[in-house]
Structure formats: C-alpha cells, structure tokens
file start34.csv (CSV, C-alpha atoms)
chain,number,residue,atom,x,y,z
A,238,MET,CA,211.9,8.1,60.2
A,239,LYS,CA,208.5,8.0,61.9
A,240,TYR,CA,208.1,9.0,65.6
A,241,THR,CA,204.8,9.6,67.4
A,242,GLY,CA,204.8,12.3,70.1
A,243,THR,CA,207.9,13.0,72.2
A,244,THR,CA,210.5,10.2,71.9
A,245,TYR,CA,212.4,9.4,75.1
A,246,ARG,CA,215.6,7.5,75.5
A,247,PRO,CA,218.1,6.9,78.4
A,248,PRO,CA,221.0,9.3,78.3
A,249,PHE,CA,223.5,6.5,77.8
A,250,GLU,CA,221.7,5.6,74.5
A,251,SER,CA,222.7,8.9,73.0
A,252,LYS,CA,224.7,7.3,70.1
A,253,SER,CA,222.1,4.6,69.4
A,254,LEU,CA,219.7,4.6,66.4
A,255,LEU,CA,216.2,5.2,67.7
A,256,LEU,CA,213.7,3.0,65.8
A,257,GLN,CA,210.0,3.2,66.7
A,258,VAL,CA,208.2,-0.1,67.0
A,259,THR,CA,205.5,1.0,69.4
A,260,ALA,CA,203.8,4.3,70.3
A,261,GLY,CA,202.9,5.2,73.9
A,262,CYS,CA,203.2,2.9,76.9
A,263,SER,CA,201.2,-0.3,77.4
A,264,HIS,CA,200.9,0.3,81.1
A,265,ASN,CA,200.5,4.1,81.2
A,266,LYS,CA,199.2,4.0,84.8
A,267,CYS,CA,202.2,5.1,86.9
A,268,ARG,CA,200.9,7.7,89.3
A,269,PHE,CA,203.9,10.1,88.8
A,270,CYS,CA,204.0,10.1,85.0
A,271,THR,CA,202.1,11.7,82.2
A,272,MET,CA,204.6,11.2,79.4
A,273,TYR,CA,202.3,9.1,77.3
A,274,ARG,CA,198.9,9.9,78.7
A,275,GLU,CA,197.8,11.6,75.4
A,276,ILE,CA,199.2,8.9,73.2
A,277,PRO,CA,197.2,5.7,72.8
A,278,PHE,CA,199.3,2.6,72.8
A,279,ALA,CA,199.9,1.2,69.3
A,280,VAL,CA,202.2,-1.2,67.5
A,281,GLU,CA,204.1,0.0,64.4
A,282,SER,CA,203.6,-2.0,61.2
A,283,PRO,CA,206.4,-4.2,59.8
A,284,GLU,CA,206.1,-2.1,56.6
A,285,GLN,CA,206.8,1.2,58.4
A,286,ILE,CA,209.7,-0.4,60.3
A,287,GLU,CA,211.1,-1.6,57.0
A,288,GLN,CA,210.7,1.9,55.5
A,289,ASP,CA,212.5,3.4,58.5
A,290,LEU,CA,215.3,0.9,58.3
A,291,ARG,CA,215.8,1.7,54.6
A,292,GLU,CA,216.0,5.4,55.5
A,293,ALA,CA,218.5,4.7,58.3
A,294,ARG,CA,220.7,2.8,55.9
A,295,ARG,CA,220.7,5.8,53.5
A,296,LEU,CA,221.5,8.2,56.3
A,297,TYR,CA,224.1,6.3,58.3
A,298,ARG,CA,227.2,4.4,57.1
A,299,HIS,CA,227.6,2.5,60.3
A,300,VAL,CA,225.2,1.7,63.2
A,301,GLU,CA,226.5,0.0,66.2
A,302,ARG,CA,223.4,-0.2,68.3
A,303,VAL,CA,219.6,0.2,67.8
A,304,PHE,CA,217.4,1.3,70.7
A,305,LEU,CA,213.7,0.5,70.1
A,306,VAL,CA,211.1,3.1,71.2
A,307,ASN,CA,208.7,4.2,72.7
A,308,GLY,CA,207.5,3.4,76.3
A,309,ASP,CA,208.0,-0.4,76.6
A,310,PRO,CA,208.6,-2.1,73.2
A,311,PHE,CA,209.5,-5.4,75.1
A,312,VAL,CA,205.7,-5.8,75.6
A,313,LEU,CA,205.6,-7.1,72.0
A,314,PRO,CA,205.3,-10.9,71.6
A,315,ALA,CA,208.6,-12.7,71.2
A,316,GLU,CA,207.8,-13.6,67.6
A,317,ARG,CA,207.2,-10.0,66.7
A,318,LEU,CA,210.5,-8.9,68.4
A,319,LYS,CA,212.3,-11.7,66.5
A,320,GLU,CA,210.9,-10.4,63.3
A,321,THR,CA,212.0,-6.9,64.0
A,322,ALA,CA,215.5,-8.1,65.0
A,323,LEU,CA,215.8,-9.9,61.7
A,324,GLN,CA,214.7,-6.8,59.8
A,325,ILE,CA,217.4,-4.9,61.5
A,326,ARG,CA,220.0,-7.5,60.6
A,327,ALA,CA,218.9,-7.5,57.0
A,328,HIS,CA,219.3,-3.7,56.6
A,329,LEU,CA,222.0,-2.9,59.2
A,330,PRO,CA,224.1,-6.1,59.4
A,331,GLU,CA,226.8,-4.4,61.4
A,332,VAL,CA,224.5,-3.8,64.4
A,333,ALA,CA,226.0,-5.5,67.5
A,334,SER,CA,223.0,-5.1,69.9
A,335,ILE,CA,219.4,-4.1,70.2
A,336,GLY,CA,218.0,-2.5,73.3
A,337,MET,CA,214.7,-1.0,74.4
A,338,TYR,CA,212.7,0.1,77.4
A,339,ALA,CA,211.0,-2.8,79.2
A,340,ALA,CA,208.7,-3.3,82.1
A,341,ILE,CA,208.6,-6.2,84.6
A,342,GLY,CA,205.3,-7.3,83.2
A,343,ASN,CA,206.8,-7.5,79.7
A,344,ILE,CA,209.3,-10.2,80.9
A,345,ARG,CA,206.6,-12.2,82.7
A,346,HIS,CA,204.8,-13.0,79.5
A,347,LYS,CA,207.9,-14.6,77.8
A,348,THR,CA,209.2,-18.1,78.3
A,349,ASP,CA,212.8,-18.8,79.2
A,350,ALA,CA,213.3,-20.3,75.8
A,351,GLU,CA,212.0,-17.1,74.1
A,352,LEU,CA,214.3,-14.9,76.2
A,353,ARG,CA,217.3,-17.0,75.1
A,354,GLU,CA,216.1,-16.8,71.4
A,355,LEU,CA,215.8,-13.0,71.7
A,356,ARG,CA,219.3,-12.7,73.2
A,357,ALA,CA,220.7,-14.9,70.4
A,358,LEU,CA,219.4,-12.3,68.0
A,359,GLY,CA,221.2,-9.5,69.7
A,360,ILE,CA,218.5,-8.2,72.0
A,361,THR,CA,220.2,-7.1,75.3
A,362,GLY,CA,220.7,-4.1,77.4
A,363,LEU,CA,217.1,-3.5,78.4
A,364,ASN,CA,216.3,-0.4,80.4
A,365,ILE,CA,213.8,-1.2,83.1
A,366,GLY,CA,212.0,1.4,85.3
A,367,VAL,CA,211.8,-0.6,88.5
A,368,GLU,CA,211.9,2.7,90.5
A,369,SER,CA,212.1,1.1,94.0
A,370,GLY,CA,212.7,-2.1,95.8
A,371,LEU,CA,210.1,-1.3,98.5
A,372,ASP,CA,206.6,-2.8,98.0
A,373,ALA,CA,204.9,0.2,99.6
A,374,VAL,CA,206.5,2.6,97.1
A,375,LEU,CA,205.8,0.3,94.2
A,376,ALA,CA,202.1,0.3,95.2
A,377,ASP,CA,202.0,4.0,95.7
A,378,LEU,CA,203.5,4.6,92.2
A,379,ASN,CA,201.1,1.9,90.7
A,380,LYS,CA,203.9,0.1,89.0
A,381,GLY,CA,201.9,-3.2,88.7
A,382,PHE,CA,204.5,-5.5,90.4
A,383,THR,CA,206.1,-6.3,93.7
A,384,ALA,CA,209.8,-6.3,94.5
A,385,ALA,CA,209.7,-10.1,94.7
A,386,GLU,CA,208.2,-10.3,91.2
A,387,ALA,CA,210.8,-7.9,89.9
A,388,GLU,CA,213.6,-10.0,91.3
A,389,ARG,CA,212.2,-13.1,89.8
A,390,GLU,CA,211.8,-11.7,86.3
A,391,LEU,CA,215.2,-9.9,86.4
A,392,SER,CA,216.8,-13.2,87.4
A,393,ARG,CA,215.2,-14.8,84.3
A,394,LEU,CA,216.8,-12.2,82.1
A,395,SER,CA,220.2,-12.9,83.7
A,396,ALA,CA,219.8,-16.6,83.2
A,397,ALA,CA,219.1,-16.0,79.5
A,398,GLY,CA,222.3,-13.9,79.2
A,399,MET,CA,220.4,-10.7,78.6
A,400,ASP,CA,222.0,-7.6,80.2
A,401,PHE,CA,219.7,-4.9,81.7
A,402,SER,CA,219.9,-1.6,83.5
A,403,LEU,CA,217.6,-0.5,86.4
A,404,ASN,CA,216.1,2.9,87.0
A,405,ILE,CA,215.8,4.0,90.7
A,406,ILE,CA,213.9,7.2,91.5
A,407,LEU,CA,215.3,9.2,94.4
A,408,GLY,CA,212.5,10.6,96.5
A,409,ALA,CA,209.9,8.1,95.3
A,410,GLY,CA,208.9,7.3,98.9
A,411,GLY,CA,208.6,10.9,99.9
A,412,ARG,CA,209.9,11.9,103.3
A,413,ARG,CA,208.0,9.2,105.1
A,414,LEU,CA,209.6,6.2,103.4
A,415,SER,CA,213.0,7.7,102.4
A,416,ARG,CA,215.2,5.4,104.4
A,417,GLU,CA,213.2,2.3,103.8
A,418,HIS,CA,213.1,3.0,100.0
A,419,ALA,CA,216.9,3.5,99.9
A,420,ARG,CA,217.6,0.3,101.8
A,421,ALA,CA,215.2,-1.9,99.9
A,422,SER,CA,216.3,-0.5,96.6
A,423,SER,CA,220.0,-1.2,97.3
A,424,GLU,CA,219.0,-4.8,98.4
A,425,LEU,CA,217.2,-5.4,95.1
A,426,VAL,CA,220.1,-4.1,93.1
A,427,ASN,CA,222.5,-6.3,95.1
A,428,ARG,CA,220.4,-9.4,94.4
A,429,THR,CA,219.8,-8.8,90.7
A,430,ARG,CA,223.2,-7.3,89.6
A,431,PRO,CA,222.2,-5.0,86.7
A,432,GLY,CA,224.9,-3.8,84.4
A,433,LEU,CA,224.0,-0.2,85.3
A,434,VAL,CA,221.8,1.5,87.8
A,435,PHE,CA,220.4,4.8,86.7
A,436,VAL,CA,219.4,7.2,89.5
A,437,ALA,CA,217.3,10.4,89.1
A,438,SER,CA,215.2,12.5,91.4
A,439,LEU,CA,211.4,12.2,91.4
A,440,HIS,CA,209.7,14.4,88.8
A,441,ILE,CA,206.0,14.7,89.5
A,442,ASP,CA,204.2,15.7,86.3
A,443,ALA,CA,201.6,18.3,86.6
A,444,GLY,CA,198.2,16.7,86.5
A,445,CYS,CA,199.3,13.3,87.5
A,446,GLU,CA,197.7,11.4,90.5
A,447,LEU,CA,200.8,11.9,92.6
A,448,ASP,CA,200.6,15.7,91.9
A,449,GLU,CA,197.1,15.6,93.5
A,450,ASP,CA,198.5,13.8,96.5
A,451,LEU,CA,201.2,16.5,96.8
A,452,GLU,CA,198.7,19.3,96.6
A,453,GLN,CA,196.5,17.7,99.3
A,454,GLY,CA,199.4,16.9,101.6
A,455,ARG,CA,199.2,13.2,101.3
A,456,PHE,CA,202.7,13.1,99.7
A,457,VAL,CA,205.5,15.2,101.1
A,458,GLU,CA,208.3,15.9,98.6
A,459,PRO,CA,211.8,15.6,100.0
A,460,THR,CA,214.1,18.6,100.2
A,461,LEU,CA,217.4,18.6,98.2
A,462,ARG,CA,219.2,17.7,101.4
A,463,GLU,CA,217.0,14.7,101.9
A,464,LEU,CA,217.4,13.6,98.3
A,465,LEU,CA,221.2,13.7,98.7
A,466,GLU,CA,221.0,11.8,102.0
A,467,GLU,CA,218.8,9.2,100.3
A,468,GLU,CA,221.2,8.8,97.4
A,469,ARG,CA,224.1,8.5,99.8
A,470,ASP,CA,222.3,5.8,101.8
A,471,PHE,CA,221.3,4.0,98.6
A,472,LEU,CA,224.8,4.1,97.3
A,473,GLN,CA,226.3,3.1,100.7
A,474,GLY,CA,224.1,0.0,100.7
A,475,LEU,CA,225.2,-1.2,97.2
A,476,ASP,CA,227.5,-4.2,96.9
A,477,ALA,CA,227.0,-5.1,93.3
A,478,GLY,CA,230.6,-5.4,92.1
A,479,ASP,CA,230.9,-4.3,88.4
A,480,THR,CA,227.6,-2.5,88.3
A,481,ILE,CA,227.9,1.0,87.0
A,482,PHE,CA,226.3,3.8,89.1
A,483,PHE,CA,224.9,6.4,86.7
A,484,GLY,CA,224.1,9.6,88.6
A,485,LEU,CA,224.4,12.1,85.8
A,486,HIS,CA,220.8,13.0,85.1
A,487,PRO,CA,220.1,16.7,85.3
A,488,SER,CA,218.0,16.1,88.4
A,489,ASN,CA,221.0,15.0,90.3
A,490,ALA,CA,222.4,18.1,92.0
A,491,VAL,CA,225.8,16.3,92.6
A,492,PRO,CA,226.8,14.4,89.5
A,493,VAL,CA,228.4,11.0,90.3
A,494,TYR,CA,229.4,8.2,88.0
A,495,GLY,CA,231.5,5.1,88.1
A,496,VAL,CA,231.9,1.3,88.5
A,497,LEU,CA,230.9,0.4,92.1
A,498,SER,CA,233.9,-1.7,92.8
A,499,GLU,CA,236.2,1.1,91.7
A,500,ARG,CA,234.5,4.4,92.5
A,501,LYS,CA,232.0,3.8,95.3
A,502,SER,CA,234.2,5.6,98.0
A,503,ALA,CA,234.8,8.6,95.7
A,504,MET,CA,231.2,8.9,94.8
A,505,LEU,CA,230.1,8.8,98.4
A,506,ALA,CA,232.7,11.5,99.2
A,507,ALA,CA,231.3,13.7,96.4
A,508,LEU,CA,227.8,13.4,97.9
A,509,GLU,CA,229.0,14.2,101.4
A,510,ARG,CA,230.9,17.2,100.0
A,511,GLY,CA,227.6,18.4,98.4
A,512,LEU,CA,225.8,18.1,101.7
A,513,ARG,CA,228.5,20.2,103.4
A,514,GLU,CA,229.1,22.8,100.7
A,515,LEU,CA,225.8,23.6,99.1
A,516,PRO,CA,224.1,26.6,100.7
A,517,PRO,CA,221.6,25.6,103.5
A,518,ALA,CA,218.9,27.6,101.9
A,519,VAL,CA,219.2,25.4,98.8
A,520,LEU,CA,219.6,22.2,100.7
A,521,ASP,CA,216.6,22.7,102.8
A,522,ALA,CA,214.2,23.6,100.0
A,523,CYS,CA,212.5,21.3,97.5
A,524,PRO,CA,214.2,21.7,94.2
A,525,LEU,CA,212.5,23.8,91.6
A,526,ARG,CA,211.7,21.8,88.5
A,527,GLY,CA,212.7,22.5,84.9
A,528,LEU,CA,212.7,20.4,81.8
A,529,GLU,CA,212.8,16.6,82.3
A,530,GLY,CA,212.5,17.2,86.0
A,531,ALA,CA,215.8,19.0,86.2
A,532,PRO,CA,216.1,21.0,89.5
A,533,VAL,CA,217.0,24.6,89.1
A,534,ILE,CA,219.0,25.8,92.1
A,535,PRO,CA,217.0,28.8,93.5
A,536,VAL,CA,218.7,32.2,93.3
A,537,ILE,CA,219.7,33.3,96.7
A,538,SER,CA,219.1,37.1,97.1
call {"tool": "encode", "arguments": {"input": "start34.csv", "output": "structure tokens"}}
result
Amino acid sequence: MKYTGTTYRPPFESKSLLLQVTAGCSHNKCRFCTMYREIPFAVESPEQIEQDLREARRLYRHVERVFLVNGDPFVLPAERLKETALQIRAHLPEVASIGMYAAIGNIRHKTDAELRELRALGITGLNIGVESGLDAVLADLNKGFTAAEAERELSRLSAAGMDFSLNIILGAGGRRLSREHARASSELVNRTRPGLVFVASLHIDAGCELDEDLEQGRFVEPTLRELLEEERDFLQGLDAGDTIFFGLHPSNAVPVYGVLSERKSAMLAALERGLRELPPAVLDACPLRGLEGAPVIPVIS
C-alpha cells in the first residue's frame, strides 16, 4: 500500500487499517509542528486508492475500521469522501466505521446535509487537533480558528451524529498562560462532549517558529511539575460525563486513562501522587525530549 513520508495515527487507532487518501497537511502552518513541512499537500487518485484496497483485501481477512491518512483527509470535498467510503464498502464490506484526522476548517466547508450523508456512509470518530480552548493560545499556535468557531463546528458534527475526539496539548500556553489554557480547554470539552479527549505534552519541533520563540525567550516551556499541575487543573475542570480521558501518550509522565464519570477521582489521585513522589530535580526541570515528543526522565547522578 502506498504511503508518502511518515504516516501518523492516533494511538487508539492501532488496530485500524491505514489508507492514504491525502499526503501532507492542507494547513501546514501550526507554529509548533514540522511533521509535514517537507511534504507538499496532495490528493491521492481514486485509482491508487482502489489498488490499495485490493491489496488490503488480499492481506486481511477481516477489517473492522479504516483510518484515512495523512494530515487532515477531512479537507476533501464531501463528494470525494463519499466516493472513497463507497470504494471501501465495495472491497471491505465488513468495515463498521471510517475515521480520519480533521481540522476545524475542514468541517466549516461542509453543509449539515453533507455531514449527515457522510455519517450514513460510516464516517465517524474524527480525530481533531483543537489543542486549546483559549483564543490567545490558538493564535500563538496559528491554528486558524477561534474557540467559538471550534465549538460551533464541533456542535455541527454532533448534530449530524458524527463522533469525534479532541486533542489538547499540555503546555501549549507556556508558563504564562498555563492556568487560563487549562480552564478554557476544560470548558470547551464540557460544552462539546467529545467521545474521547487525548492529552499529550507540547513537543516543539526543531526549526519550527515556536522553537525560535523558545530560543529567544519569548516562549517559556513549563517544567514537568507545571505540566502535571496543568493536567490536574484541566482534568479537575472536566464535567463531560461519558467522555474518555486518554492520558497514555509517551509524553505523559503519569499515565492516566478512564471514563470521566467513573475514573476522574482515581486519575486525579494518580496525578497528585506523581507530584508528590517524583524527584524534585525531575519535577522542576523541563522534560528532555525523545521520539514523538516523549520526555526522557533525566538521570540523577
């Protein structure tokens, strides 16, 4: 099957078939990210998709879910997405659902009727990098939308019956906006009720614009203690019922996971335990970065 450059997927899509329908990212201007900077945005041909689906059928006896890649395939026009969904149905009729990365701007350009039609074809479970509920942070990251615009478009997805997960980046506001970022992000989640909220710590790619701000002192990266406190404050503010809190990314020093209505207290206790028990020298340092932004706990000599 054809893939262009590095292919990314959410960790909870590990059992999904990855089908490339676009290459790169249509926005590709987030100030913290360089994942697709060297890959021009392109749309895969229906013929290549057909070939990949035939290969998938030869390789796999049963496919439950297909996750479309790369950066934001939901940017495709509704008619093109419908065509792809029908191709999947023709070759893999057992597929129960089709997900993909999506951006707020991708939703904006689709009518309510189109969203309902896409849902009827099995498209649901979109993964959306909203990153923050605070306008100042969204502007600093150059996300291309406001919190109010995000809430409006996410509400349209819900009205169409389309499930979605939201990504929130711990540390996205730096030290200066940490508390406001945590509070506004929990408020956005509470108002939009995603099926899952995925939290991970900020990873500033070398060479990105935010990296320049970091070098020049315009952006101050939080310490591990501050990241845990921010995650605690964000989680404490959540009142989203059956939403799953997914804090299992490698960049989360204290792994937490569970349905908010069932595990919120236990997850908060785990974060508080981490704040008490991790060595002060580790807590009060900025995490060293490894692959995919995973912090490596410094060795204490």
call {"tool": "closest_atom_pairs", "arguments": {"input": "start34.csv", "of": "region 387-453 of chain A", "to": "region 353-362 of chain A", "cutoff": "7 Å", "atoms": "all atoms listed in the file", "output": "CSV"}}
result
residue,atom,partner,partner_atom,distance
A:Ala397,CA,A:Arg353,CA,4.9
A:Gly398,CA,A:Arg356,CA,6.8
A:Met399,CA,A:Thr361,CA,4.9
A:Asp400,CA,A:Gly362,CA,4.7
A:Phe401,CA,A:Gly362,CA,4.5
A:Ser402,CA,A:Gly362,CA,6.6
call {"tool": "write_last_selection", "arguments": {"input": "start34.csv", "atoms": "C-alpha atoms", "output": "PDB file, in the coordinates of the input"}}
result
ATOM      1  CA  ALA A 397     219.100 -16.000  79.500  1.00  0.00           C
ATOM      2  CA  GLY A 398     222.300 -13.900  79.200  1.00  0.00           C
ATOM      3  CA  MET A 399     220.400 -10.700  78.600  1.00  0.00           C
ATOM      4  CA  ASP A 400     222.000  -7.600  80.200  1.00  0.00           C
ATOM      5  CA  PHE A 401     219.700  -4.900  81.700  1.00  0.00           C
ATOM      6  CA  SER A 402     219.900  -1.600  83.500  1.00  0.00           C
TER       7      SER A 402
END
call {"tool": "closest_residue", "arguments": {"input": "start34.csv", "among": "A:Leu508, A:Cys445, A:Cys267, A:Leu329", "to": "Tyr297 (chain A)", "atoms": "all atoms listed in the file"}}
result
A:Leu329
call {"tool": "residues_around", "arguments": {"input": "start34.csv", "residues": "region 464-471 of chain A", "least_positions_apart": "6", "cutoff": "8 Å", "atoms": "only C-alpha atoms", "output": "PyMOL selection string"}}
result
chain A and resi 407-408+415-416+419-420+422-423+438+505+508-509+511-512
call {"tool": "residues_around", "arguments": {"input": "start34.csv", "residues": "Ala522 (chain A)", "least_positions_apart": "5", "cutoff": "9 Å", "atoms": "all atoms listed in the file", "output": "list in words"}}
result
Pro459, Thr460, Leu461, Arg462, Pro517 and Pro535 of chain A
call {"tool": "closest_residue", "arguments": {"input": "start34.csv", "among": "A:Gly454, A:Gly484, A:Gly444, A:Gly495", "to": "Ile405 (chain A)", "atoms": "only C-alpha atoms"}}
result
A:Gly484
call {"tool": "atom_distance", "arguments": {"input": "start34.csv", "atom1": "CA of Ala322 (chain A)", "atom2": "CA of Arg393 (chain A)"}}
result
20.4 Å
call {"tool": "residues_around", "arguments": {"input": "start34.csv", "residues": "Tyr273 (chain A)", "least_positions_apart": "6", "cutoff": "9 Å", "atoms": "all atoms listed in the file", "output": "list in words"}}
result
Gly242, Thr243, Ala260, Gly261, Cys262, Asn265 and Gly308 of chain A
call {"tool": "closest_residue", "arguments": {"input": "start34.csv", "among": "A:Ala518, A:Val457, A:Leu472, A:Leu485", "to": "Ser498 (chain A)", "atoms": "all atoms listed in the file"}}
result
A:Leu472
call {"tool": "residues_around", "arguments": {"input": "start34.csv", "residues": "Leu323 (chain A)", "least_positions_apart": "2", "cutoff": "12 Å", "atoms": "all atoms listed in the file", "output": "count of residues only"}}
result
25
call {"tool": "atom_distance", "arguments": {"input": "start34.csv", "atom1": "CA of Glu388 (chain A)", "atom2": "CA of Glu351 (chain A)"}}
result
18.7 Å
call {"tool": "atom_distance", "arguments": {"input": "start34.csv", "atom1": "CA of Leu425 (chain A)", "atom2": "CA of Leu403 (chain A)"}}
result
10.0 Å
call {"tool": "residues_around", "arguments": {"input": "start34.csv", "residues": "Glu390 (chain A)", "least_positions_apart": "5", "cutoff": "9 Å", "atoms": "all atoms listed in the file", "output": "list of chain:residue names"}}
result
A:Ile341, A:Gly342, A:Ile344, A:Arg345, A:Ala385, A:Ser395
call {"tool": "closest_residue", "arguments": {"input": "start34.csv", "among": "A:Phe382, A:Tyr494, A:Phe456, A:Phe249", "to": "Ala507 (chain A)", "atoms": "only C-alpha atoms"}}
result
A:Tyr494
call {"tool": "closest_residue", "arguments": {"input": "start34.csv", "among": "A:Gln324, A:Asn364, A:Asn343, A:Thr271", "to": "Leu447 (chain A)", "atoms": "all atoms listed in the file"}}
result
A:Thr271
call {"tool": "closest_residue", "arguments": {"input": "start34.csv", "among": "A:Phe311, A:Tyr240, A:Phe304, A:Tyr245", "to": "Ser263 (chain A)", "atoms": "only C-alpha atoms"}}
result
A:Phe311
call {"tool": "residues_near_point", "arguments": {"input": "start34.csv", "point": "(226.8, -1.3, 87.2)", "cutoff": "10 Å", "atoms": "only C-alpha atoms", "output": "list in words"}}
result
Phe401, Ser402, Leu403, Val426, Arg430, Pro431, Gly432, Leu433, Val434, Phe435, Ala477, Gly478, Asp479, Thr480, Ile481, Phe482, Phe483, Tyr494, Gly495, Val496, Leu497 and Ser498 of chain A
